[in-house]
>>> print(open('target27.json').read())   # JSON, C-alpha atoms
[["chain", "number", "residue", "atom", "x", "y", "z"],
["A", 1, "MET", "CA", 24.83, -25.21, 42.57],
["A", 2, "ALA", "CA", 26.60, -23.58, 39.66],
["A", 3, "SER", "CA", 24.76, -25.81, 37.19],
["A", 4, "PHE", "CA", 21.41, -24.98, 38.86],
["A", 5, "THR", "CA", 22.17, -21.27, 38.65],
["A", 6, "SER", "CA", 23.09, -21.58, 34.98],
["A", 7, "PHE", "CA", 19.85, -23.45, 34.33],
["A", 8, "PHE", "CA", 17.82, -20.75, 36.10],
["A", 9, "VAL", "CA", 19.50, -17.99, 34.12],
["A", 10, "MET", "CA", 18.87, -19.81, 30.86],
["A", 11, "VAL", "CA", 15.20, -20.33, 31.68],
["A", 12, "PHE", "CA", 14.86, -16.65, 32.67],
["A", 13, "LEU", "CA", 16.42, -15.50, 29.39],
["A", 14, "LEU", "CA", 14.15, -17.75, 27.37],
["A", 15, "PHE", "CA", 11.13, -16.37, 29.21],
["A", 16, "ALA", "CA", 12.31, -12.82, 28.65],
["A", 17, "CYS", "CA", 12.84, -13.41, 24.93],
["A", 18, "SER", "CA", 9.43, -15.06, 24.66],
["A", 19, "SER", "CA", 7.79, -12.12, 26.43],
["A", 20, "THR", "CA", 9.54, -9.64, 24.13],
["A", 21, "THR", "CA", 8.41, -11.55, 21.05],
["A", 22, "THR", "CA", 4.82, -11.69, 22.31],
["A", 23, "HIS", "CA", 4.85, -7.98, 23.12],
["A", 24, "ALA", "CA", 6.20, -7.20, 19.67],
["A", 25, "GLN", "CA", 3.38, -8.96, 17.85],
["A", 26, "LEU", "CA", 0.67, -6.89, 16.21],
["A", 27, "SER", "CA", -2.85, -7.38, 17.51],
["A", 28, "ALA", "CA", -6.31, -6.46, 16.26],
["A", 29, "THR", "CA", -7.23, -5.42, 19.83],
["A", 30, "PHE", "CA", -4.11, -3.36, 20.54],
["A", 31, "TYR", "CA", -6.11, -0.16, 21.22],
["A", 32, "ALA", "CA", -9.23, -1.81, 22.65],
["A", 33, "THR", "CA", -8.72, -0.11, 26.01],
["A", 34, "SER", "CA", -6.47, 2.84, 25.20],
["A", 35, "CYS", "CA", -8.47, 4.12, 22.19],
["A", 36, "PRO", "CA", -11.70, 2.14, 21.84],
["A", 37, "ASN", "CA", -13.26, 4.45, 19.23],
["A", 38, "LEU", "CA", -10.23, 4.46, 16.93],
["A", 39, "GLN", "CA", -11.71, 2.37, 14.13],
["A", 40, "THR", "CA", -14.96, 4.34, 14.11],
["A", 41, "ILE", "CA", -13.01, 7.62, 13.87],
["A", 42, "VAL", "CA", -10.91, 6.37, 10.94],
["A", 43, "ASN", "CA", -13.84, 4.80, 9.13],
["A", 44, "THR", "CA", -15.97, 7.94, 9.43],
["A", 45, "ALA", "CA", -13.16, 10.15, 8.12],
["A", 46, "MET", "CA", -12.37, 7.85, 5.20],
["A", 47, "THR", "CA", -16.02, 7.55, 4.24],
["A", 48, "GLN", "CA", -16.24, 11.34, 4.18],
["A", 49, "ALA", "CA", -13.02, 11.63, 2.16],
["A", 50, "VAL", "CA", -14.15, 9.09, -0.46],
["A", 51, "ASN", "CA", -17.60, 10.66, -0.67],
["A", 52, "THR", "CA", -15.91, 13.99, -1.37],
["A", 53, "GLN", "CA", -13.54, 12.50, -3.95],
["A", 54, "GLN", "CA", -13.92, 8.85, -4.91],
["A", 55, "ARG", "CA", -10.35, 8.66, -6.13],
["A", 56, "MET", "CA", -9.10, 9.18, -2.57],
["A", 57, "GLY", "CA", -9.71, 5.55, -1.65],
["A", 58, "ALA", "CA", -7.17, 4.46, -4.26],
["A", 59, "SER", "CA", -4.76, 7.23, -3.27],
["A", 60, "ILE", "CA", -4.60, 6.18, 0.38],
["A", 61, "LEU", "CA", -4.26, 2.50, -0.58],
["A", 62, "ARG", "CA", -1.32, 3.36, -2.82],
["A", 63, "MET", "CA", 0.25, 5.50, -0.08],
["A", 64, "PHE", "CA", 0.15, 2.51, 2.28],
["A", 65, "PHE", "CA", 1.79, 0.28, -0.32],
["A", 66, "HIS", "CA", 4.58, 2.81, -0.90],
["A", 67, "ASP", "CA", 5.07, 3.15, 2.84],
["A", 68, "CYS", "CA", 5.32, -0.58, 3.54],
["A", 69, "PHE", "CA", 7.84, -1.19, 0.75],
["A", 70, "VAL", "CA", 10.32, 1.27, 2.29],
["A", 71, "GLN", "CA", 11.56, 0.40, 5.80],
["A", 72, "GLY", "CA", 8.33, -1.50, 6.45],
["A", 73, "CYS", "CA", 4.94, -0.11, 7.46],
["A", 74, "ASP", "CA", 6.29, 2.69, 9.64],
["A", 75, "ALA", "CA", 4.70, 5.91, 8.30],
["A", 76, "SER", "CA", 8.07, 7.09, 6.99],
["A", 77, "ILE", "CA", 6.31, 8.23, 3.80],
["A", 78, "LEU", "CA", 4.37, 10.84, 5.81],
["A", 79, "LEU", "CA", 7.44, 12.78, 6.96],
["A", 80, "ASP", "CA", 8.00, 16.17, 5.32],
["A", 81, "ASP", "CA", 11.40, 17.29, 4.10],
["A", 82, "THR", "CA", 13.10, 19.97, 6.18],
["A", 83, "ALA", "CA", 16.36, 21.89, 5.94],
["A", 84, "THR", "CA", 18.05, 19.07, 7.87],
["A", 85, "PHE", "CA", 15.96, 16.03, 6.93],
["A", 86, "THR", "CA", 15.22, 14.33, 3.61],
["A", 87, "GLY", "CA", 12.07, 12.26, 3.55],
["A", 88, "GLU", "CA", 10.48, 10.06, 0.90],
["A", 89, "LYS", "CA", 7.83, 12.37, -0.52],
["A", 90, "ASN", "CA", 10.14, 13.66, -3.25],
["A", 91, "ALA", "CA", 11.47, 10.27, -4.30],
["A", 92, "GLY", "CA", 10.79, 9.42, -7.93],
["A", 93, "PRO", "CA", 7.82, 7.09, -7.33],
["A", 94, "ASN", "CA", 6.20, 9.55, -4.90],
["A", 95, "ALA", "CA", 6.85, 13.10, -6.12],
["A", 96, "ASN", "CA", 3.78, 14.75, -7.65],
["A", 97, "SER", "CA", 2.12, 11.36, -7.41],
["A", 98, "VAL", "CA", 1.38, 10.09, -3.90],
["A", 99, "ARG", "CA", -1.50, 12.10, -2.51],
["A", 100, "GLY", "CA", -3.95, 12.19, 0.37],
["A", 101, "PHE", "CA", -1.59, 13.39, 3.10],
["A", 102, "GLU", "CA", -4.17, 15.94, 4.24],
["A", 103, "VAL", "CA", -6.67, 13.13, 4.80],
["A", 104, "ILE", "CA", -4.23, 11.37, 7.14],
["A", 105, "ASP", "CA", -3.65, 14.73, 8.89],
["A", 106, "THR", "CA", -7.39, 15.09, 9.47],
["A", 107, "ILE", "CA", -7.70, 11.59, 10.87],
["A", 108, "LYS", "CA", -4.68, 12.09, 13.12],
["A", 109, "THR", "CA", -6.15, 15.32, 14.51],
["A", 110, "ARG", "CA", -9.41, 13.57, 15.34],
["A", 111, "VAL", "CA", -7.64, 10.58, 16.87],
["A", 112, "GLU", "CA", -5.41, 12.83, 18.99],
["A", 113, "ALA", "CA", -8.48, 14.63, 20.27],
["A", 114, "ALA", "CA", -9.93, 11.31, 21.42],
["A", 115, "CYS", "CA", -6.75, 9.48, 22.50],
["A", 116, "ASN", "CA", -3.85, 11.86, 22.94],
["A", 117, "GLY", "CA", -0.38, 10.45, 22.18],
["A", 118, "THR", "CA", -1.65, 6.89, 21.84],
["A", 119, "VAL", "CA", -2.15, 5.83, 18.21],
["A", 120, "SER", "CA", 0.64, 5.78, 15.66],
["A", 121, "CYS", "CA", 0.42, 7.33, 12.22],
["A", 122, "ALA", "CA", 1.48, 3.95, 10.84],
["A", 123, "ASP", "CA", -1.61, 2.29, 12.28],
["A", 124, "ILE", "CA", -3.85, 5.14, 11.12],
["A", 125, "LEU", "CA", -2.56, 4.69, 7.57],
["A", 126, "ALA", "CA", -3.10, 0.91, 7.72],
["A", 127, "LEU", "CA", -6.70, 1.38, 8.84],
["A", 128, "ALA", "CA", -7.36, 4.17, 6.34],
["A", 129, "ALA", "CA", -6.12, 2.01, 3.45],
["A", 130, "ARG", "CA", -8.60, -0.71, 4.36],
["A", 131, "ASP", "CA", -11.53, 1.62, 4.96],
["A", 132, "GLY", "CA", -10.94, 3.50, 1.71],
["A", 133, "THR", "CA", -10.96, 0.20, -0.16],
["A", 134, "VAL", "CA", -14.20, -0.89, 1.49],
["A", 135, "ALA", "CA", -15.80, 2.48, 0.69],
["A", 136, "LEU", "CA", -15.27, 1.71, -3.02],
["A", 137, "GLY", "CA", -16.83, -1.74, -2.77],
["A", 138, "GLY", "CA", -13.71, -3.68, -1.91],
["A", 139, "PRO", "CA", -13.24, -6.47, 0.64],
["A", 140, "THR", "CA", -12.58, -5.90, 4.30],
["A", 141, "TRP", "CA", -9.85, -7.51, 6.39],
["A", 142, "THR", "CA", -8.71, -7.47, 9.99],
["A", 143, "VAL", "CA", -6.01, -4.83, 10.47],
["A", 144, "THR", "CA", -3.61, -5.86, 13.19],
["A", 145, "LEU", "CA", -2.31, -2.90, 15.17],
["A", 146, "GLY", "CA", 0.56, -1.86, 17.38],
["A", 147, "ARG", "CA", 2.94, -0.39, 14.79],
["A", 148, "ARG", "CA", 5.03, 2.56, 15.86],
["A", 149, "ASP", "CA", 6.27, 5.47, 13.76],
["A", 150, "SER", "CA", 9.78, 5.70, 12.39],
["A", 151, "ARG", "CA", 12.24, 8.42, 13.22],
["A", 152, "THR", "CA", 13.90, 7.92, 9.86],
["A", 153, "ALA", "CA", 13.05, 7.83, 6.15],
["A", 154, "SER", "CA", 14.95, 6.78, 3.06],
["A", 155, "GLN", "CA", 14.57, 8.55, -0.25],
["A", 156, "SER", "CA", 17.16, 6.23, -1.79],
["A", 157, "ALA", "CA", 15.21, 3.13, -0.70],
["A", 158, "ALA", "CA", 12.00, 4.65, -2.05],
["A", 159, "ASN", "CA", 13.73, 5.15, -5.38],
["A", 160, "SER", "CA", 15.12, 1.62, -5.52],
["A", 161, "GLN", "CA", 12.59, -0.61, -3.71],
["A", 162, "ILE", "CA", 9.17, 0.60, -4.86],
["A", 163, "PRO", "CA", 8.42, -1.42, -8.02],
["A", 164, "SER", "CA", 8.52, 0.54, -11.26],
["A", 165, "PRO", "CA", 5.50, 0.67, -13.62],
["A", 166, "ALA", "CA", 7.97, -0.31, -16.34],
["A", 167, "ALA", "CA", 9.22, -3.40, -14.50],
["A", 168, "SER", "CA", 9.31, -6.90, -15.96],
["A", 169, "LEU", "CA", 7.53, -9.79, -14.28],
["A", 170, "ALA", "CA", 10.83, -11.21, -13.01],
["A", 171, "THR", "CA", 11.75, -7.86, -11.47],
["A", 172, "LEU", "CA", 8.32, -7.53, -9.85],
["A", 173, "ILE", "CA", 8.49, -11.02, -8.36],
["A", 174, "SER", "CA", 11.95, -10.28, -7.01],
["A", 175, "ALA", "CA", 10.86, -6.96, -5.48],
["A", 176, "PHE", "CA", 7.91, -8.58, -3.71],
["A", 177, "SER", "CA", 9.98, -11.56, -2.59],
["A", 178, "ALA", "CA", 12.43, -9.16, -0.92],
["A", 179, "LYS", "CA", 9.51, -8.03, 1.26],
["A", 180, "GLY", "CA", 8.37, -11.55, 2.11],
["A", 181, "LEU", "CA", 5.56, -11.62, -0.45],
["A", 182, "ASN", "CA", 5.20, -14.30, -3.12],
["A", 183, "ALA", "CA", 4.17, -14.13, -6.76],
["A", 184, "ARG", "CA", 0.51, -14.77, -6.00],
["A", 185, "ASP", "CA", 0.58, -11.88, -3.51],
["A", 186, "LEU", "CA", 2.03, -9.72, -6.29],
["A", 187, "THR", "CA", -0.78, -10.62, -8.66],
["A", 188, "ALA", "CA", -3.48, -10.18, -6.02],
["A", 189, "LEU", "CA", -2.15, -6.85, -4.75],
["A", 190, "SER", "CA", -1.80, -5.56, -8.31],
["A", 191, "GLY", "CA", -5.58, -5.84, -8.43],
["A", 192, "ALA", "CA", -5.61, -2.60, -6.43],
["A", 193, "HIS", "CA", -5.30, -1.08, -9.91],
["A", 194, "THR", "CA", -8.98, -1.78, -10.37],
["A", 195, "ILE", "CA", -9.34, 1.68, -8.77],
["A", 196, "GLY", "CA", -7.42, 4.90, -9.25],
["A", 197, "GLN", "CA", -5.61, 6.68, -12.04],
["A", 198, "ALA", "CA", -2.12, 6.98, -13.49],
["A", 199, "ARG", "CA", -0.24, 9.86, -15.06],
["A", 200, "CYS", "CA", 0.67, 9.90, -18.73],
["A", 201, "THR", "CA", 4.37, 9.93, -17.88],
["A", 202, "VAL", "CA", 4.20, 6.41, -16.41],
["A", 203, "PHE", "CA", 2.26, 4.75, -19.24],
["A", 204, "ARG", "CA", 3.44, 6.73, -22.30],
["A", 205, "ASN", "CA", 6.08, 4.21, -23.30],
["A", 206, "ARG", "CA", 3.57, 1.37, -23.12],
["A", 207, "ILE", "CA", 0.92, 2.94, -25.32],
["A", 208, "TYR", "CA", 3.43, 3.94, -28.01],
["A", 209, "ASN", "CA", 6.00, 1.14, -27.91],
["A", 210, "ASP", "CA", 4.67, -2.07, -26.36],
["A", 211, "ALA", "CA", 3.58, -4.84, -28.71],
["A", 212, "ASN", "CA", 1.28, -6.68, -26.28],
["A", 213, "ILE", "CA", -1.39, -3.99, -26.22],
["A", 214, "ASP", "CA", -4.80, -3.80, -27.86],
["A", 215, "PRO", "CA", -4.39, -1.27, -30.71],
["A", 216, "ALA", "CA", -7.76, 0.38, -30.10],
["A", 217, "PHE", "CA", -6.93, 0.78, -26.42],
["A", 218, "ALA", "CA", -3.53, 2.30, -27.26],
["A", 219, "THR", "CA", -5.16, 4.76, -29.64],
["A", 220, "LEU", "CA", -7.72, 5.74, -27.01],
["A", 221, "ARG", "CA", -5.06, 6.44, -24.39],
["A", 222, "GLN", "CA", -2.88, 8.33, -26.88],
["A", 223, "ARG", "CA", -5.61, 10.95, -27.25],
["A", 224, "ASN", "CA", -4.87, 12.23, -23.77],
["A", 225, "CYS", "CA", -1.20, 11.29, -23.60],
["A", 226, "PRO", "CA", 0.84, 12.72, -26.50],
["A", 227, "ARG", "CA", 4.38, 11.63, -27.27],
["A", 228, "THR", "CA", 5.62, 14.88, -25.74],
["A", 229, "GLY", "CA", 3.93, 17.03, -23.14],
["A", 230, "GLY", "CA", 0.90, 16.22, -21.05],
["A", 231, "ASP", "CA", 2.94, 14.32, -18.46],
["A", 232, "GLY", "CA", 0.39, 15.03, -15.76],
["A", 233, "ASN", "CA", -2.67, 13.99, -17.75],
["A", 234, "PHE", "CA", -4.56, 11.17, -16.07],
["A", 235, "ALA", "CA", -6.12, 7.95, -17.31],
["A", 236, "PRO", "CA", -8.02, 5.34, -15.28],
["A", 237, "LEU", "CA", -6.09, 2.20, -14.42],
["A", 238, "ASP", "CA", -9.29, 0.24, -15.02],
["A", 239, "ILE", "CA", -10.99, 1.53, -18.14],
["A", 240, "GLY", "CA", -14.35, 0.01, -17.22],
["A", 241, "SER", "CA", -14.96, 0.91, -13.56],
["A", 242, "PRO", "CA", -12.19, 3.11, -12.12],
["A", 243, "VAL", "CA", -14.01, 3.93, -8.87],
["A", 244, "VAL", "CA", -15.48, 0.49, -8.15],
["A", 245, "PHE", "CA", -13.38, -2.27, -6.63],
["A", 246, "ASN", "CA", -13.92, -5.43, -8.68],
["A", 247, "ASN", "CA", -12.08, -7.93, -10.87],
["A", 248, "ASN", "CA", -12.39, -5.95, -14.11],
["A", 249, "TYR", "CA", -8.66, -5.22, -13.90],
["A", 250, "TYR", "CA", -7.89, -8.86, -14.66],
["A", 251, "GLN", "CA", -10.47, -9.02, -17.43],
["A", 252, "ASN", "CA", -8.70, -6.05, -19.01],
["A", 253, "LEU", "CA", -5.39, -7.91, -18.89],
["A", 254, "LEU", "CA", -6.88, -10.83, -20.83],
["A", 255, "ILE", "CA", -7.62, -8.49, -23.74],
["A", 256, "ARG", "CA", -4.29, -6.65, -23.46],
["A", 257, "ARG", "CA", -5.78, -3.51, -21.92],
["A", 258, "GLY", "CA", -3.50, -3.19, -18.93],
["A", 259, "LEU", "CA", -2.56, 0.50, -18.65],
["A", 260, "LEU", "CA", 0.90, 0.03, -17.17],
["A", 261, "HIS", "CA", 3.63, -2.16, -18.62],
["A", 262, "SER", "CA", 3.92, -3.82, -15.19],
["A", 263, "ASP", "CA", 0.18, -4.59, -15.26],
["A", 264, "GLN", "CA", 0.31, -6.42, -18.56],
["A", 265, "GLU", "CA", 3.42, -8.32, -17.46],
["A", 266, "LEU", "CA", 1.11, -10.35, -15.21],
["A", 267, "PHE", "CA", -0.58, -11.76, -18.31],
["A", 268, "ASN", "CA", 2.04, -12.10, -20.99],
["A", 269, "ASN", "CA", 2.78, -15.81, -21.42],
["A", 270, "GLY", "CA", 4.35, -15.95, -17.97],
["A", 271, "THR", "CA", 3.98, -17.69, -14.64],
["A", 272, "GLN", "CA", 1.04, -15.56, -13.49],
["A", 273, "ASP", "CA", -1.22, -16.11, -16.51],
["A", 274, "ALA", "CA", -3.25, -18.81, -14.77],
["A", 275, "VAL", "CA", -3.70, -16.68, -11.65],
["A", 276, "VAL", "CA", -4.91, -13.73, -13.73],
["A", 277, "GLN", "CA", -7.36, -15.99, -15.54],
["A", 278, "SER", "CA", -8.71, -17.37, -12.27],
["A", 279, "TYR", "CA", -9.20, -13.90, -10.79],
["A", 280, "SER", "CA", -10.85, -12.65, -13.98],
["A", 281, "SER", "CA", -13.58, -15.26, -13.69],
["A", 282, "ASN", "CA", -13.81, -15.54, -9.90],
["A", 283, "ASP", "CA", -14.28, -12.22, -8.14],
["A", 284, "ALA", "CA", -14.72, -13.88, -4.74],
["A", 285, "LEU", "CA", -11.34, -15.60, -5.06],
["A", 286, "PHE", "CA", -9.67, -12.32, -5.99],
["A", 287, "ARG", "CA", -11.23, -10.53, -3.03],
["A", 288, "SER", "CA", -10.19, -13.25, -0.62],
["A", 289, "ASP", "CA", -6.60, -13.36, -1.89],
["A", 290, "PHE", "CA", -6.37, -9.57, -1.97],
["A", 291, "ALA", "CA", -7.48, -9.26, 1.64],
["A", 292, "ALA", "CA", -5.04, -11.95, 2.78],
["A", 293, "ALA", "CA", -2.18, -10.33, 0.86],
["A", 294, "MET", "CA", -3.01, -6.94, 2.42],
["A", 295, "VAL", "CA", -2.65, -8.48, 5.87],
["A", 296, "ARG", "CA", 0.73, -9.91, 4.93],
["A", 297, "MET", "CA", 1.89, -6.62, 3.40],
["A", 298, "GLY", "CA", 0.76, -4.74, 6.50],
["A", 299, "ALA", "CA", 3.05, -6.92, 8.59],
["A", 300, "ILE", "CA", 6.26, -6.02, 6.74],
["A", 301, "THR", "CA", 8.89, -5.23, 9.42],
["A", 302, "PRO", "CA", 6.80, -2.98, 11.67],
["A", 303, "LEU", "CA", 8.36, -1.05, 14.52],
["A", 304, "THR", "CA", 6.90, -2.32, 17.79],
["A", 305, "GLY", "CA", 7.53, -2.24, 21.51],
["A", 306, "SER", "CA", 9.90, 0.59, 22.40],
["A", 307, "ASN", "CA", 11.17, 1.07, 18.85],
["A", 308, "GLY", "CA", 10.22, 4.24, 17.01],
["A", 309, "GLU", "CA", 7.71, 6.62, 18.53],
["A", 310, "ILE", "CA", 4.07, 7.73, 18.49],
["A", 311, "ARG", "CA", 4.18, 10.94, 16.45],
["A", 312, "ARG", "CA", 1.87, 13.74, 17.50],
["A", 313, "ASN", "CA", 2.04, 15.19, 14.00],
["A", 314, "CYS", "CA", 2.39, 12.65, 11.20],
["A", 315, "ARG", "CA", 4.49, 15.04, 9.12],
["A", 316, "ARG", "CA", 7.33, 15.40, 11.58],
["A", 317, "MET", "CA", 9.13, 13.50, 14.29],
["A", 318, "ASN", "CA", 8.51, 14.40, 17.89]]
>>> encode(input="target27.json", output="structure tokens")
Amino acid sequence: MASFTSFFVMVFLLFACSSTTTHAQLSATFYATSCPNLQTIVNTAMTQAVNTQQRMGASILRMFFHDCFVQGCDASILLDDTATFTGEKNAGPNANSVRGFEVIDTIKTRVEAACNGTVSCADILALAARDGTVALGGPTWTVTLGRRDSRTASQSAANSQIPSPAASLATLISAFSAKGLNARDLTALSGAHTIGQARCTVFRNRIYNDANIDPAFATLRQRNCPRTGGDGNFAPLDIGSPVVFNNNYYQNLLIRRGLLHSDQELFNNGTQDAVVQSYSSNDALFRSDFAAAMVRMGAITPLTGSNGEIRRNCRRMN
């Protein structure tokens, strides 16, 4: 009898654990019943935002990347600092750099009007990143949903875990590996730099001191980025088509026209040279790998089930 009871308890626990794991998985149909118009609401808002300012597609994509690399994809990056709470917005990689928070606010307001207290800010950001990419001609991918919002943030993790634009290839590979992403994911996701801009302060050292840079390109960028001053002056990450998602980024790397040191590290007699070359000549391959890598990045340690919360305002905890 005792052995039968023990067997029953063991089977029950295994079933319970299996149920918990299943419940915790993200799903593309998570809001199919509770908020059926969610994706239309997000897509409409992102199309409007990109039509108003094309750069916004890149800004929201970058925000999602910076969110996922700190505590996972949990919308911690959206939390404002208060007198008693320190968020991530003023971390080194984010301060005066990450932008588009008002776009997420707008989407959240519209979603709340349609489905009150149902959809997380983390899921809104994941959807917005995809739709902004598509609006600029990029690939689409299935965004799995069911993330919940964090009640915490970490400025120290944002400072230490978001890859630096001055990082070496080895450091970049290590940073991505720590998040469950491999070197090919790194190279594919870096292709997001086919859209958007960067501030002088993050590429100044490259255009004045790096050896593996096209001299004419360095001279061009120096015109708007002096050795001192002009920290906030912008330059396109992709000199050829900064508001069109394509594989020009990799073609630039082949001729040493990567704007950031970390960009050019992908093609600098290292392990990713062959991948860069393949993406530069095969746009379809790049798009496919980018979409797959975005799915993997979007699954970095999400809060699910009863963990976290569904914020009513993305800027503050309930």
>>> atom_distance(input="target27.json", atom1="CA of Arg62 in chain A", atom2="CA of His193 in chain A")
9.3 Å
>>> residues_around(input="target27.json", residues="Phe290 in chain A", least_positions_apart="3", cutoff="12 Å", atoms="all atoms listed in the file", output="MDAnalysis selection string")
chainID A and resid 130 133 138:141 184:194 245:247 279 283:287 293:297
>>> residues_around(input="target27.json", residues="Ile239 in chain A", least_positions_apart="3", cutoff="8 Å", atoms="all atoms listed in the file", output="ChimeraX atom specification")
/A:236,242,252
>>> closest_residue(input="target27.json", among="A:Asn51, A:Asn318, A:Thr304, A:Thr144", to="Ser27 in chain A", atoms="all atoms listed in the file")
A:Thr144
>>> residues_near_point(input="target27.json", point="(1.7, 9.4, -7.0)", cutoff="10 Å", atoms="all atoms listed in the file", output="number ranges by chain")
A: 59, 62-63, 66, 89, 92-100, 197-199
>>> closest_residue(input="target27.json", among="A:Ser154, A:Asn268, A:Gln54, A:Asn313", to="Gly196 in chain A", atoms="all atoms listed in the file")
A:Gln54
>>> residues_around(input="target27.json", residues="Asn224 in chain A", least_positions_apart="5", cutoff="12 Å", atoms="only C-alpha atoms", output="list in words")
Ala198, Arg199, Cys200, Thr201, Phe203, Arg204, Ile207, Phe217, Ala218, Thr219, Gly229, Gly230, Asp231, Gly232, Asn233, Phe234, Ala235 and Pro236 of chain A
>>> residues_around(input="target27.json", residues="Thr86 in chain A", least_positions_apart="5", cutoff="8 Å", atoms="only C-alpha atoms", output="PyMOL selection string")
chain A and resi 80-81+153-155
>>> residues_around(input="target27.json", residues="range 105-108 of chain A", least_positions_apart="3", cutoff="7 Å", atoms="only C-alpha atoms", output="VMD selection string")
chain A and resid 42 45 101 to 102 111 to 112 314
>>> atom_distance(input="target27.json", atom1="CA of Asn43 in chain A", atom2="CA of Asp131 in chain A")
5.7 Å
>>> closest_residue(input="target27.json", among="A:Asn269, A:Asn37, A:Gln277, A:Thr47", to="Leu136 in chain A", atoms="all atoms listed in the file")
A:Thr47
>>> atom_distance(input="target27.json", atom1="CA of Leu237 in chain A", atom2="CA of Cys121 in chain A")
27.9 Å
>>> closest_residue(input="target27.json", among="A:Gly137, A:Pro165, A:Gly72, A:Pro215", to="Glu265 in chain A", atoms="only C-alpha atoms")
A:Pro165
>>> closest_residue(input="target27.json", among="A:Asn248, A:Ala126, A:Arg316, A:Thr118", to="Thr84 in chain A", atoms="all atoms listed in the file")
A:Arg316
>>> closest_residue(input="target27.json", among="A:Ser262, A:Gln39, A:Gln161, A:Thr152", to="Lys179 in chain A", atoms="only C-alpha atoms")
A:Gln161
>>> decode(input="target27.json", residues="range 208-219 of chain A", atoms="N, CA and C atoms", output="compact mmCIF listing (two decimals), in the first residue's frame")
# COMPACT_ATOMS: atom_id res chain seq x y z
N TYR A 208 38.96 57.63 -35.78
CA TYR A 208 40.25 58.31 -35.63
C TYR A 208 41.41 57.36 -35.33
N ASN A 209 41.11 56.18 -34.78
CA ASN A 209 42.18 55.33 -34.29
C ASN A 209 42.25 53.92 -34.87
N ASP A 210 41.15 53.39 -35.40
CA ASP A 210 41.18 52.03 -35.92
C ASP A 210 41.95 51.97 -37.23
N ALA A 211 42.65 50.86 -37.43
CA ALA A 211 43.41 50.67 -38.67
C ALA A 211 42.57 50.01 -39.75
N ASN A 212 41.61 49.17 -39.36
CA ASN A 212 40.83 48.42 -40.34
C ASN A 212 39.59 49.20 -40.79
N ILE A 213 39.84 50.41 -41.29
CA ILE A 213 38.74 51.26 -41.74
C ILE A 213 39.13 51.92 -43.06
N ASP A 214 38.19 52.00 -43.97
CA ASP A 214 38.43 52.66 -45.24
C ASP A 214 38.75 54.14 -44.98
N PRO A 215 39.89 54.63 -45.43
CA PRO A 215 40.28 56.02 -45.13
C PRO A 215 39.26 57.06 -45.59
N ALA A 216 38.68 56.86 -46.76
CA ALA A 216 37.70 57.82 -47.27
C ALA A 216 36.45 57.83 -46.39
N PHE A 217 36.07 56.66 -45.90
CA PHE A 217 34.91 56.55 -45.02
C PHE A 217 35.21 57.25 -43.69
N ALA A 218 36.41 57.04 -43.16
CA ALA A 218 36.79 57.69 -41.90
C ALA A 218 36.76 59.21 -42.06
N THR A 219 37.28 59.70 -43.15
CA THR A 219 37.30 61.14 -43.40
C THR A 219 35.88 61.70 -43.49
